[in-house]
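Below: protein35.pdb (PDB, C-alpha atoms, pLDDT in the B column)
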MODEL        1
ATOM      1  CA  GLN V 240      35.825   2.560   5.003  1.00 74.00           C
ATOM      2  CA  GLN V 241      36.862  -1.043   5.377  1.00 80.00           C
ATOM      3  CA  HIS V 242      34.046  -2.218   3.065  1.00 81.00           C
ATOM      4  CA  PHE V 243      34.603   0.355   0.315  1.00 83.00           C
ATOM      5  CA  PRO V 244      37.535  -1.506  -1.357  1.00 86.00           C
ATOM      6  CA  GLN V 245      35.430  -4.676  -1.291  1.00 87.00           C
ATOM      7  CA  VAL V 246      32.618  -2.922  -3.152  1.00 86.00           C
ATOM      8  CA  GLN V 247      35.077  -1.461  -5.679  1.00 86.00           C
ATOM      9  CA  ALA V 248      36.473  -4.910  -6.396  1.00 88.00           C
ATOM     10  CA  GLU V 249      33.101  -6.559  -7.005  1.00 87.00           C
ATOM     11  CA  VAL V 250      32.608  -4.960 -10.451  1.00 83.00           C
ATOM     12  CA  PRO V 251      35.786  -3.084 -11.435  1.00 87.00           C
ATOM     13  CA  GLY V 252      35.066   0.217 -13.165  1.00 86.00           C
ATOM     14  CA  SER V 253      31.357   0.189 -12.296  1.00 87.00           C
ATOM     15  CA  PRO V 254      29.751   3.354 -10.862  1.00 88.00           C
ATOM     16  CA  ILE V 255      29.167   3.202  -7.114  1.00 84.00           C
ATOM     17  CA  PHE V 256      26.014   4.657  -5.632  1.00 81.00           C
ATOM     18  CA  MET V 257      26.022   5.660  -1.987  1.00 78.00           C
ATOM     19  CA  MET V 258      22.800   5.957   0.003  1.00 76.00           C
ATOM     20  CA  GLN V 259      22.214   7.663   3.302  1.00 75.00           C
ATOM     21  CA  LEU V 260      21.394   5.283   6.138  1.00 80.00           C
ATOM     22  CA  CYS V 261      17.841   5.843   7.348  1.00 80.00           C
ATOM     23  CA  SER V 262      17.726   4.031  10.689  1.00 83.00           C
ATOM     24  CA  GLY V 263      14.414   3.359  12.389  1.00 85.00           C
ATOM     25  CA  ALA V 264      12.548   4.307   9.204  1.00 91.00           C
ATOM     26  CA  ARG V 265       8.944   3.427   8.494  1.00 95.00           C
ATOM     27  CA  HIS V 266       7.679   2.008   5.207  1.00 96.00           C
ATOM     28  CA  ILE V 267       4.752   4.234   4.182  1.00 97.00           C
ATOM     29  CA  GLU V 268       2.623   3.814   1.061  1.00 97.00           C
ATOM     30  CA  VAL V 269       0.251   6.160  -0.761  1.00 98.00           C
ATOM     31  CA  GLN V 270      -2.498   4.551  -2.844  1.00 98.00           C
ATOM     32  CA  ILE V 271      -2.883   6.487  -6.084  1.00 98.00           C
ATOM     33  CA  ILE V 272      -5.181   6.183  -9.099  1.00 98.00           C
ATOM     34  CA  GLY V 273      -4.777   8.088 -12.369  1.00 97.00           C
ATOM     35  CA  ASP V 274      -7.427   8.444 -15.053  1.00 97.00           C
ATOM     36  CA  LYS V 275      -7.251   9.037 -18.811  1.00 97.00           C
ATOM     37  CA  HIS V 276      -7.979  12.747 -18.398  1.00 97.00           C
ATOM     38  CA  GLY V 277      -4.850  13.713 -16.467  1.00 96.00           C
ATOM     39  CA  SER V 278      -6.425  13.570 -12.998  1.00 97.00           C
ATOM     40  CA  VAL V 279      -4.851  11.728 -10.075  1.00 98.00           C
ATOM     41  CA  VAL V 280      -6.359  10.923  -6.684  1.00 98.00           C
ATOM     42  CA  ALA V 281      -4.592   9.760  -3.516  1.00 98.00           C
ATOM     43  CA  LEU V 282      -6.683   7.385  -1.415  1.00 98.00           C
ATOM     44  CA  ASN V 283      -4.871   7.930   1.876  1.00 97.00           C
ATOM     45  CA  GLY V 284      -2.185   5.327   2.615  1.00 97.00           C
ATOM     46  CA  ARG V 285      -0.814   2.392   4.555  1.00 97.00           C
ATOM     47  CA  ASP V 286       1.957   1.696   7.056  1.00 97.00           C
ATOM     48  CA  CYS V 287       3.791  -1.485   6.014  1.00 96.00           C
ATOM     49  CA  SER V 288       6.794  -1.184   8.314  1.00 95.00           C
ATOM     50  CA  THR V 289       6.487  -4.592   9.989  1.00 92.00           C
ATOM     51  CA  GLN V 290       8.442  -6.874   7.673  1.00 90.00           C
ATOM     52  CA  ARG V 291      10.522 -10.037   7.729  1.00 85.00           C
ATOM     53  CA  ARG V 292      13.046 -11.031   5.088  1.00 79.00           C
ATOM     54  CA  PHE V 293      12.018  -7.920   3.118  1.00 80.00           C
ATOM     55  CA  GLN V 294       8.412  -9.140   2.980  1.00 85.00           C
ATOM     56  CA  LYS V 295       5.500  -7.338   4.598  1.00 92.00           C
ATOM     57  CA  ILE V 296       3.778  -9.078   7.498  1.00 93.00           C
ATOM     58  CA  PHE V 297       1.304  -6.475   8.712  1.00 96.00           C
ATOM     59  CA  GLU V 298      -0.244  -3.521   6.886  1.00 97.00           C
ATOM     60  CA  GLU V 299      -2.408  -0.862   8.503  1.00 96.00           C
ATOM     61  CA  GLY V 300      -4.106   2.367   7.627  1.00 95.00           C
ATOM     62  CA  PRO V 301      -4.309   5.230   8.010  1.00 97.00           C
ATOM     63  CA  PRO V 302      -0.547   5.541   8.679  1.00 97.00           C
ATOM     64  CA  VAL V 303      -0.938   7.406  11.975  1.00 96.00           C
ATOM     65  CA  ILE V 304       2.825   7.507  12.635  1.00 96.00           C
ATOM     66  CA  VAL V 305       3.011  10.285  10.031  1.00 97.00           C
ATOM     67  CA  PRO V 306       1.639  13.720  11.069  1.00 97.00           C
ATOM     68  CA  ARG V 307      -1.297  14.654   8.848  1.00 96.00           C
ATOM     69  CA  THR V 308       0.438  17.742   7.475  1.00 97.00           C
ATOM     70  CA  ILE V 309       3.478  15.689   6.466  1.00 97.00           C
ATOM     71  CA  PHE V 310       1.340  12.929   5.015  1.00 98.00           C
ATOM     72  CA  LYS V 311      -0.482  15.526   2.926  1.00 97.00           C
ATOM     73  CA  GLU V 312       2.913  16.467   1.460  1.00 97.00           C
ATOM     74  CA  MET V 313       3.570  12.796   0.711  1.00 98.00           C
ATOM     75  CA  GLU V 314       0.208  12.513  -1.047  1.00 98.00           C
ATOM     76  CA  ARG V 315       0.808  15.665  -3.095  1.00 98.00           C
ATOM     77  CA  ALA V 316       4.278  14.454  -4.137  1.00 98.00           C
ATOM     78  CA  ALA V 317       2.845  11.052  -5.107  1.00 98.00           C
ATOM     79  CA  MET V 318       0.082  12.667  -7.149  1.00 98.00           C
ATOM     80  CA  GLN V 319       2.526  15.000  -8.893  1.00 97.00           C
ATOM     81  CA  LEU V 320       4.810  12.118  -9.855  1.00 97.00           C
ATOM     82  CA  THR V 321       1.855  10.073 -11.092  1.00 97.00           C
ATOM     83  CA  ARG V 322       0.574  12.933 -13.225  1.00 96.00           C
ATOM     84  CA  ASN V 323       4.016  13.834 -14.580  1.00 97.00           C
ATOM     85  CA  ILE V 324       4.594  10.360 -16.015  1.00 96.00           C
ATOM     86  CA  GLY V 325       1.032  10.047 -17.331  1.00 96.00           C
ATOM     87  CA  TYR V 326       0.268   6.982 -15.228  1.00 97.00           C
ATOM     88  CA  VAL V 327      -3.217   5.518 -15.692  1.00 97.00           C
ATOM     89  CA  GLY V 328      -4.766   3.025 -13.263  1.00 97.00           C
ATOM     90  CA  ALA V 329      -4.143   2.023  -9.651  1.00 97.00           C
ATOM     91  CA  GLY V 330      -0.646   2.092  -8.213  1.00 97.00           C
ATOM     92  CA  THR V 331       1.297   2.617  -5.020  1.00 97.00           C
ATOM     93  CA  ILE V 332       3.950   5.220  -4.270  1.00 97.00           C
ATOM     94  CA  GLU V 333       6.224   3.919  -1.520  1.00 97.00           C
ATOM     95  CA  TYR V 334       8.366   5.999   0.832  1.00 96.00           C
ATOM     96  CA  LEU V 335      10.799   5.662   3.688  1.00 95.00           C
ATOM     97  CA  PHE V 336       9.688   7.943   6.521  1.00 96.00           C
ATOM     98  CA  ASN V 337      11.955   9.116   9.338  1.00 94.00           C
ATOM     99  CA  ALA V 338       9.711   9.779  12.339  1.00 92.00           C
ATOM    100  CA  LYS V 339      12.462  11.683  14.173  1.00 92.00           C
ATOM    101  CA  THR V 340      12.931  14.287  11.460  1.00 93.00           C
ATOM    102  CA  ASN V 341       9.556  14.010   9.660  1.00 95.00           C
ATOM    103  CA  LYS V 342      11.434  13.642   6.388  1.00 94.00           C
ATOM    104  CA  PHE V 343      10.414  11.156   3.713  1.00 95.00           C
ATOM    105  CA  PHE V 344      12.283   9.587   0.803  1.00 94.00           C
ATOM    106  CA  PHE V 345      10.944   8.066  -2.403  1.00 94.00           C
ATOM    107  CA  LEU V 346      11.390   4.313  -2.823  1.00 93.00           C
ATOM    108  CA  GLU V 347       9.386   3.193  -5.835  1.00 94.00           C
ATOM    109  CA  LEU V 348       6.118   3.234  -7.743  1.00 95.00           C
ATOM    110  CA  ASN V 349       4.399  -0.143  -7.819  1.00 94.00           C
ATOM    111  CA  PRO V 350       2.329  -0.110 -11.051  1.00 95.00           C
ATOM    112  CA  ARG V 351      -0.311  -2.567  -9.908  1.00 93.00           C
ATOM    113  CA  LEU V 352      -3.002  -3.331  -7.396  1.00 92.00           C
ATOM    114  CA  GLN V 353      -1.365  -4.725  -4.255  1.00 92.00           C
ATOM    115  CA  VAL V 354      -2.718  -7.521  -2.095  1.00 91.00           C
ATOM    116  CA  GLU V 355      -3.153  -5.133   0.840  1.00 94.00           C
ATOM    117  CA  HIS V 356      -5.522  -2.829  -1.075  1.00 95.00           C
ATOM    118  CA  PRO V 357      -8.515  -3.936   1.084  1.00 95.00           C
ATOM    119  CA  VAL V 358      -6.930  -1.857   3.882  1.00 97.00           C
ATOM    120  CA  THR V 359      -7.479   1.206   1.711  1.00 97.00           C
ATOM    121  CA  GLU V 360     -10.999   0.082   0.840  1.00 97.00           C
ATOM    122  CA  ALA V 361     -11.852  -0.375   4.520  1.00 96.00           C
ATOM    123  CA  ILE V 362     -10.798   3.129   5.532  1.00 97.00           C
ATOM    124  CA  THR V 363     -11.961   5.036   2.435  1.00 97.00           C
ATOM    125  CA  GLN V 364     -15.029   3.016   1.367  1.00 96.00           C
ATOM    126  CA  VAL V 365     -13.698   3.168  -2.191  1.00 97.00           C
ATOM    127  CA  ASN V 366     -13.936  -0.032  -4.241  1.00 97.00           C
ATOM    128  CA  VAL V 367     -10.509   0.141  -5.877  1.00 97.00           C
ATOM    129  CA  PRO V 368     -10.974  -2.610  -8.535  1.00 96.00           C
ATOM    130  CA  SER V 369     -14.243  -1.002  -9.639  1.00 97.00           C
ATOM    131  CA  VAL V 370     -12.478   2.353  -9.942  1.00 97.00           C
ATOM    132  CA  GLN V 371      -9.837   0.650 -12.097  1.00 96.00           C
ATOM    133  CA  LEU V 372     -12.554  -0.631 -14.422  1.00 97.00           C
ATOM    134  CA  GLN V 373     -14.173   2.793 -14.622  1.00 98.00           C
ATOM    135  CA  VAL V 374     -10.792   4.330 -15.442  1.00 98.00           C
ATOM    136  CA  ALA V 375     -10.398   1.781 -18.265  1.00 97.00           C
ATOM    137  CA  MET V 376     -13.850   2.810 -19.515  1.00 97.00           C
ATOM    138  CA  GLY V 377     -12.672   6.407 -19.760  1.00 97.00           C
ATOM    139  CA  ILE V 378     -14.802   7.762 -16.904  1.00 97.00           C
ATOM    140  CA  PRO V 379     -13.193  10.768 -15.137  1.00 97.00           C
ATOM    141  CA  LEU V 380     -12.275  10.196 -11.498  1.00 97.00           C
ATOM    142  CA  GLN V 381     -14.392  13.122 -10.299  1.00 95.00           C
ATOM    143  CA  ASN V 382     -17.515  11.513 -11.831  1.00 96.00           C
ATOM    144  CA  MET V 383     -17.147   8.194  -9.989  1.00 97.00           C
ATOM    145  CA  PRO V 384     -19.596   7.759  -7.067  1.00 96.00           C
ATOM    146  CA  ASP V 385     -17.043   6.253  -4.651  1.00 97.00           C
ATOM    147  CA  ILE V 386     -14.553   9.046  -5.302  1.00 97.00           C
ATOM    148  CA  ARG V 387     -17.202  11.745  -4.903  1.00 97.00           C
ATOM    149  CA  ARG V 388     -18.342  10.252  -1.583  1.00 96.00           C
ATOM    150  CA  PHE V 389     -14.709  10.119  -0.444  1.00 97.00           C
ATOM    151  CA  TYR V 390     -14.545  13.891  -0.990  1.00 97.00           C
ATOM    152  CA  GLY V 391     -17.928  14.536   0.618  1.00 95.00           C
ATOM    153  CA  LYS V 392     -19.562  15.387  -2.715  1.00 94.00           C
ATOM    154  CA  ALA V 393     -23.048  14.442  -3.848  1.00 93.00           C
ATOM    155  CA  THR V 394     -22.917  11.482  -6.222  1.00 91.00           C
ATOM    156  CA  HIS V 395     -25.800  12.746  -8.353  1.00 88.00           C
ATOM    157  CA  ASP V 396     -24.575  16.350  -8.776  1.00 85.00           C
ATOM    158  CA  LEU V 397     -21.668  16.230 -11.212  1.00 86.00           C
ATOM    159  CA  SER V 398     -21.629  20.016 -11.601  1.00 86.00           C
ATOM    160  CA  SER V 399     -19.492  20.396  -8.453  1.00 88.00           C
ATOM    161  CA  THR V 400     -15.970  19.606  -9.593  1.00 92.00           C
ATOM    162  CA  ILE V 401     -13.082  18.225  -7.528  1.00 95.00           C
ATOM    163  CA  ASP V 402      -9.552  19.615  -7.591  1.00 96.00           C
ATOM    164  CA  PHE V 403      -7.610  16.683  -6.204  1.00 97.00           C
ATOM    165  CA  PHE V 404      -4.534  18.828  -5.511  1.00 96.00           C
ATOM    166  CA  THR V 405      -6.310  21.483  -3.436  1.00 95.00           C
ATOM    167  CA  ASP V 406      -9.514  19.910  -2.109  1.00 96.00           C
ATOM    168  CA  ASP V 407      -9.340  17.768   1.030  1.00 96.00           C
ATOM    169  CA  TYR V 408     -11.129  14.446   1.287  1.00 97.00           C
ATOM    170  CA  VAL V 409     -13.118  13.393   4.334  1.00 96.00           C
ATOM    171  CA  TYR V 410     -10.463  11.972   6.657  1.00 96.00           C
ATOM    172  CA  PRO V 411     -11.110   8.295   7.548  1.00 96.00           C
ATOM    173  CA  THR V 412     -12.747   7.496  10.881  1.00 96.00           C
ATOM    174  CA  THR V 413     -11.963   3.780  10.548  1.00 96.00           C
ATOM    175  CA  HIS V 414      -8.669   2.019  11.218  1.00 97.00           C
ATOM    176  CA  CYS V 415      -7.768  -1.265   9.527  1.00 97.00           C
ATOM    177  CA  ILE V 416      -4.929  -3.715  10.050  1.00 97.00           C
ATOM    178  CA  ALA V 417      -4.079  -6.703   7.870  1.00 97.00           C
ATOM    179  CA  ALA V 418      -2.021  -9.791   8.641  1.00 96.00           C
ATOM    180  CA  ARG V 419      -0.529 -12.073   6.031  1.00 95.00           C
ATOM    181  CA  ILE V 420      -0.866 -15.822   6.600  1.00 92.00           C
ATOM    182  CA  THR V 421       2.242 -17.610   5.386  1.00 90.00           C
ATOM    183  CA  ALA V 422       3.831 -21.047   5.253  1.00 89.00           C
ATOM    184  CA  GLU V 423       7.351 -20.566   6.611  1.00 89.00           C
ATOM    185  CA  ASN V 424       9.880 -22.484   8.638  1.00 88.00           C
ATOM    186  CA  PRO V 425      11.030 -20.498  11.708  1.00 88.00           C
ATOM    187  CA  ASP V 426      13.892 -22.966  12.235  1.00 91.00           C
ATOM    188  CA  ASP V 427      15.296 -22.136   8.791  1.00 89.00           C
ATOM    189  CA  GLY V 428      15.252 -18.342   8.819  1.00 85.00           C
ATOM    190  CA  PHE V 429      11.519 -18.228   8.044  1.00 86.00           C
ATOM    191  CA  LYS V 430      12.092 -19.481   4.522  1.00 86.00           C
ATOM    192  CA  PRO V 431       9.062 -20.715   2.530  1.00 87.00           C
ATOM    193  CA  THR V 432       8.187 -24.299   3.342  1.00 88.00           C
ATOM    194  CA  SER V 433       5.880 -27.003   2.035  1.00 88.00           C
ATOM    195  CA  GLY V 434       3.295 -29.244   3.571  1.00 87.00           C
ATOM    196  CA  CYS V 435      -0.339 -30.222   3.787  1.00 87.00           C
ATOM    197  CA  ILE V 436      -3.099 -28.060   5.258  1.00 86.00           C
ATOM    198  CA  ASP V 437      -5.058 -30.163   7.727  1.00 86.00           C
ATOM    199  CA  ARG V 438      -7.869 -27.691   8.241  1.00 85.00           C
ATOM    200  CA  ILE V 439      -8.839 -24.092   7.465  1.00 85.00           C
ATOM    201  CA  LYS V 440     -11.869 -22.782   9.313  1.00 85.00           C
ATOM    202  CA  PHE V 441     -12.263 -19.026   9.344  1.00 87.00           C
ATOM    203  CA  GLN V 442     -15.608 -17.331   9.744  1.00 88.00           C
ATOM    204  CA  SER V 443     -15.535 -13.832   8.283  1.00 91.00           C
ATOM    205  CA  SER V 444     -17.596 -10.977   9.708  1.00 93.00           C
ATOM    206  CA  PRO V 445     -18.106  -7.350   8.635  1.00 90.00           C
ATOM    207  CA  ALA V 446     -15.375  -6.261  11.051  1.00 95.00           C
ATOM    208  CA  CYS V 447     -12.927  -9.093  10.411  1.00 96.00           C
ATOM    209  CA  TRP V 448     -12.640 -11.012   7.185  1.00 93.00           C
ATOM    210  CA  GLY V 449     -10.089 -13.120   5.374  1.00 93.00           C
ATOM    211  CA  TYR V 450      -9.382 -15.121   2.262  1.00 89.00           C
ATOM    212  CA  PHE V 451      -7.203 -18.131   1.536  1.00 90.00           C
ATOM    213  CA  SER V 452      -5.774 -19.561  -1.672  1.00 87.00           C
ATOM    214  CA  VAL V 453      -5.875 -23.177  -0.488  1.00 86.00           C
ATOM    215  CA  PHE V 454      -8.505 -25.487   0.935  1.00 81.00           C
ATOM    216  CA  THR V 455      -8.516 -28.125   3.656  1.00 79.00           C
ATOM    217  CA  HIS V 456      -6.219 -31.081   2.818  1.00 82.00           C
ATOM    218  CA  ALA V 457      -4.528 -29.052   0.067  1.00 84.00           C
ATOM    219  CA  GLY V 458      -0.779 -28.857  -0.259  1.00 85.00           C
ATOM    220  CA  ILE V 459       1.666 -25.940  -0.297  1.00 87.00           C
ATOM    221  CA  HIS V 460       4.998 -26.030  -2.116  1.00 81.00           C
ATOM    222  CA  GLU V 461       8.077 -23.954  -1.411  1.00 77.00           C
ATOM    223  CA  PHE V 462       8.688 -22.702  -4.959  1.00 80.00           C
ATOM    224  CA  ALA V 463       6.464 -19.612  -4.740  1.00 77.00           C
ATOM    225  CA  ASP V 464       5.626 -16.797  -2.368  1.00 80.00           C
ATOM    226  CA  SER V 465       4.883 -18.183   1.099  1.00 86.00           C
ATOM    227  CA  GLN V 466       1.640 -16.244   1.548  1.00 88.00           C
ATOM    228  CA  PHE V 467      -1.557 -18.261   1.209  1.00 90.00           C
ATOM    229  CA  GLY V 468      -3.993 -16.107   3.172  1.00 92.00           C
ATOM    230  CA  HIS V 469      -4.786 -12.608   4.349  1.00 95.00           C
ATOM    231  CA  VAL V 470      -6.859 -11.473   7.332  1.00 96.00           C
ATOM    232  CA  PHE V 471      -8.225  -7.915   7.689  1.00 97.00           C
ATOM    233  CA  ALA V 472      -9.772  -6.366  10.798  1.00 97.00           C
ATOM    234  CA  LYS V 473     -11.257  -2.891  11.130  1.00 97.00           C
ATOM    235  CA  GLY V 474     -12.874  -0.707  13.762  1.00 96.00           C
ATOM    236  CA  ARG V 475     -13.709   2.874  14.605  1.00 92.00           C
ATOM    237  CA  ASP V 476     -10.568   4.954  14.979  1.00 76.00           C
TER     238      ASP V 476
ENDMDL
END
Step by step, read the file and then write its structure as structure tokens.
Amino acid sequence: QQHFPQVQAEVPGSPIFMMQLCSGARHIEVQIIGDKHGSVVALNGRDCSTQRRFQKIFEEGPPVIVPRTIFKEMERAAMQLTRNIGYVGAGTIEYLFNAKTNKFFFLELNPRLQVEHPVTEAITQVNVPSVQLQVAMGIPLQNMPDIRRFYGKATHDLSSTIDFFTDDYVYPTTHCIAARITAENPDDGFKPTSGCIDRIKFQSSPACWGYFSVFTHAGIHEFADSQFGHVFAKGRD
């Protein structure tokens, strides 16, 4: 109550929107792809709850904090929204999930491919950028080899159709976690910082791989996002 007059005074006459506090919530994402034929597929999801200064630090999938039955509802809702607006291409539907009540709340639709999409690729074996290109070419989702394998369908037999709203995909048996590598100053609230990279030596393997946007002896400035690398590790769930 003590803060309400302060909010009223900020922009006199402006509408005030009140939101329910969702304490201890998890940030859960559903990876969706829509094609030009009205079909939408959900490629499981990611748990991006570990954040600092409203920026993700770790991403992992599948989001095991969510019961499978509830996550199926999240996927169906994401697919319905995607189809209703006629969205074409890869995107992410983001939710707040309350683990105590198993209720979830819509946050936003990110209309792009996110940097953590390799988590989805690791657990689904679906090459998301290639699916984007095939969507742009006008190929139906159910005819794409990666999507058919994800649903346990033969890639050469296109006569067996897929109903993405009723058919279940083969649940992932792999778990993947990603960590963002950033240039931040912990003594200044973890704000982006600048400096020179003395050395980067990271040997990728099939189970753990990474990429970096700078090289040894390169410099980083503070006028952009602080992330300059990403490391992904996967294993049998």
Specify as a count of residues only each residue included when the PyMOL selection byres ((chain V and resi 321-338) around 9) is applied to this file.
50
Of the candidates V:Lys311, V:Glu298, V:Ile401, V:Val453, which one gets nearest to V:Ile386 if we count all atoms listed in the file?
V:Ile401
Coordinates-based distance that separates atom CA of V:Thr363 from atom CA of V:Pro411 (Å, one decimal)
6.1 Å
Top pick for closest residue to V:His414, considering V:Lys430, V:Arg475, V:Arg388, V:His356 and counting only C-alpha atoms
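Of all the options, V:Arg475 lies closest to V:His414.
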Find the residues around stretch 438-450 of chain V up to 6 Å (only C-alpha atoms counted), leave out those fewer than 3 positions away in its own chain, and share them as a list in words.
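The contact residues come out as Thr455, Gly468, His469, Val470, Phe471, Ala472 and Lys473 of chain V.
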I'd like the interatomic distance between atom CA of V:Glu312 and atom CA of V:Phe389, to a tenth of an Å.
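Atom-to-atom, atom CA of V:Glu312 to atom CA of V:Phe389, that is 18.8 Å.
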When you count only C-alpha atoms, which of these residues is closest to V:His460: V:Glu423, V:Asp286, V:Asp437, V:Glu249?
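Selected residue with least distance to V:His460: V:Glu423.
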Using only C-alpha atoms, give me every residue within 7 Å of (-9.4, 7.7, 5.2) in file coordinates, as an NGL selection string.
:V and (283 or 301 or 362-363 or 409-412)
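Using only C-alpha atoms, the smallest distance between any of V:Phe462, V:Phe310, V:Phe256, V:Phe467 and V:Pro431 comes from V:Phe462.
In this structure, atom CA of V:Cys415 sits 15.4 Å away from atom CA of V:Lys295.
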So which one's closest to V:Phe429, V:Thr405, V:Asn382, V:Gln294, V:Ser399? Using only C-alpha atoms, please.
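Using only C-alpha atoms, the shortest distance to V:Phe429 belongs to V:Gln294.
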Resolved residues for the PyMOL selection byres ((chain V and resi 384) around 12) as a VMD selection string
chain V and resid 364 to 367 369 to 370 373 378 to 383 385 to 397
Mind dumping stretch 437-454 of chain V from that block, keeping N, CA, C and O atoms, as a short mmCIF file (atom, residue, chain, number, x, y, z; two decimals), in the first residue's frame?
data_model
loop_
_atom_site.label_atom_id
_atom_site.label_comp_id
_atom_site.auth_asym_id
_atom_site.auth_seq_id
_atom_site.Cartn_x
_atom_site.Cartn_y
_atom_site.Cartn_z
N ASP V 437 44.00 -12.95 -22.52
CA ASP V 437 45.36 -13.46 -22.60
C ASP V 437 45.44 -14.78 -23.35
O ASP V 437 46.33 -15.00 -24.17
N ARG V 438 44.48 -15.68 -23.06
CA ARG V 438 44.54 -16.97 -23.72
C ARG V 438 43.18 -17.65 -23.66
O ARG V 438 42.48 -17.58 -22.65
N ILE V 439 42.77 -18.28 -24.75
CA ILE V 439 41.60 -19.14 -24.78
C ILE V 439 42.04 -20.49 -25.35
O ILE V 439 42.52 -20.57 -26.47
N LYS V 440 41.92 -21.51 -24.53
CA LYS V 440 42.30 -22.86 -24.98
C LYS V 440 41.22 -23.82 -24.50
O LYS V 440 41.18 -24.19 -23.33
N PHE V 441 40.35 -24.18 -25.39
CA PHE V 441 39.25 -25.09 -25.05
C PHE V 441 39.17 -26.18 -26.10
O PHE V 441 39.00 -25.89 -27.29
N GLN V 442 39.31 -27.39 -25.69
CA GLN V 442 39.27 -28.53 -26.59
C GLN V 442 37.90 -29.18 -26.54
O GLN V 442 37.55 -29.83 -25.55
N SER V 443 37.12 -29.00 -27.60
CA SER V 443 35.78 -29.58 -27.62
C SER V 443 35.82 -31.08 -27.83
O SER V 443 36.77 -31.62 -28.40
N SER V 444 34.79 -31.75 -27.35
CA SER V 444 34.62 -33.19 -27.54
C SER V 444 33.16 -33.45 -27.87
O SER V 444 32.32 -32.54 -27.73
N PRO V 445 32.79 -34.65 -28.28
CA PRO V 445 31.37 -34.91 -28.58
C PRO V 445 30.44 -34.68 -27.39
O PRO V 445 29.28 -34.32 -27.57
N ALA V 446 30.96 -34.85 -26.18
CA ALA V 446 30.13 -34.69 -24.99
C ALA V 446 30.20 -33.30 -24.38
O ALA V 446 29.36 -32.94 -23.57
N CYS V 447 31.19 -32.53 -24.76
CA CYS V 447 31.36 -31.19 -24.20
C CYS V 447 32.01 -30.30 -25.25
O CYS V 447 33.14 -30.57 -25.67
N TRP V 448 31.31 -29.30 -25.68
CA TRP V 448 31.84 -28.45 -26.73
C TRP V 448 31.51 -26.99 -26.43
O TRP V 448 30.63 -26.69 -25.64
N GLY V 449 32.26 -26.09 -27.06
CA GLY V 449 32.03 -24.68 -26.81
C GLY V 449 32.46 -23.84 -27.99
O GLY V 449 33.15 -24.31 -28.90
N TYR V 450 32.03 -22.59 -27.98
CA TYR V 450 32.45 -21.65 -29.01
C TYR V 450 32.68 -20.29 -28.37
O TYR V 450 32.09 -19.98 -27.33
N PHE V 451 33.56 -19.51 -28.99
CA PHE V 451 33.92 -18.21 -28.45
C PHE V 451 33.96 -17.19 -29.59
O PHE V 451 34.33 -17.52 -30.71
N SER V 452 33.58 -15.96 -29.28
CA SER V 452 33.53 -14.91 -30.29
C SER V 452 34.79 -14.07 -30.33
O SER V 452 34.87 -13.11 -31.10
N VAL V 453 35.78 -14.41 -29.52
CA VAL V 453 37.05 -13.69 -29.52
C VAL V 453 38.19 -14.70 -29.56
O VAL V 453 38.00 -15.90 -29.30
N PHE V 454 39.36 -14.21 -29.90
CA PHE V 454 40.55 -15.05 -29.96
C PHE V 454 41.56 -14.59 -28.92
O PHE V 454 41.39 -13.55 -28.28
#
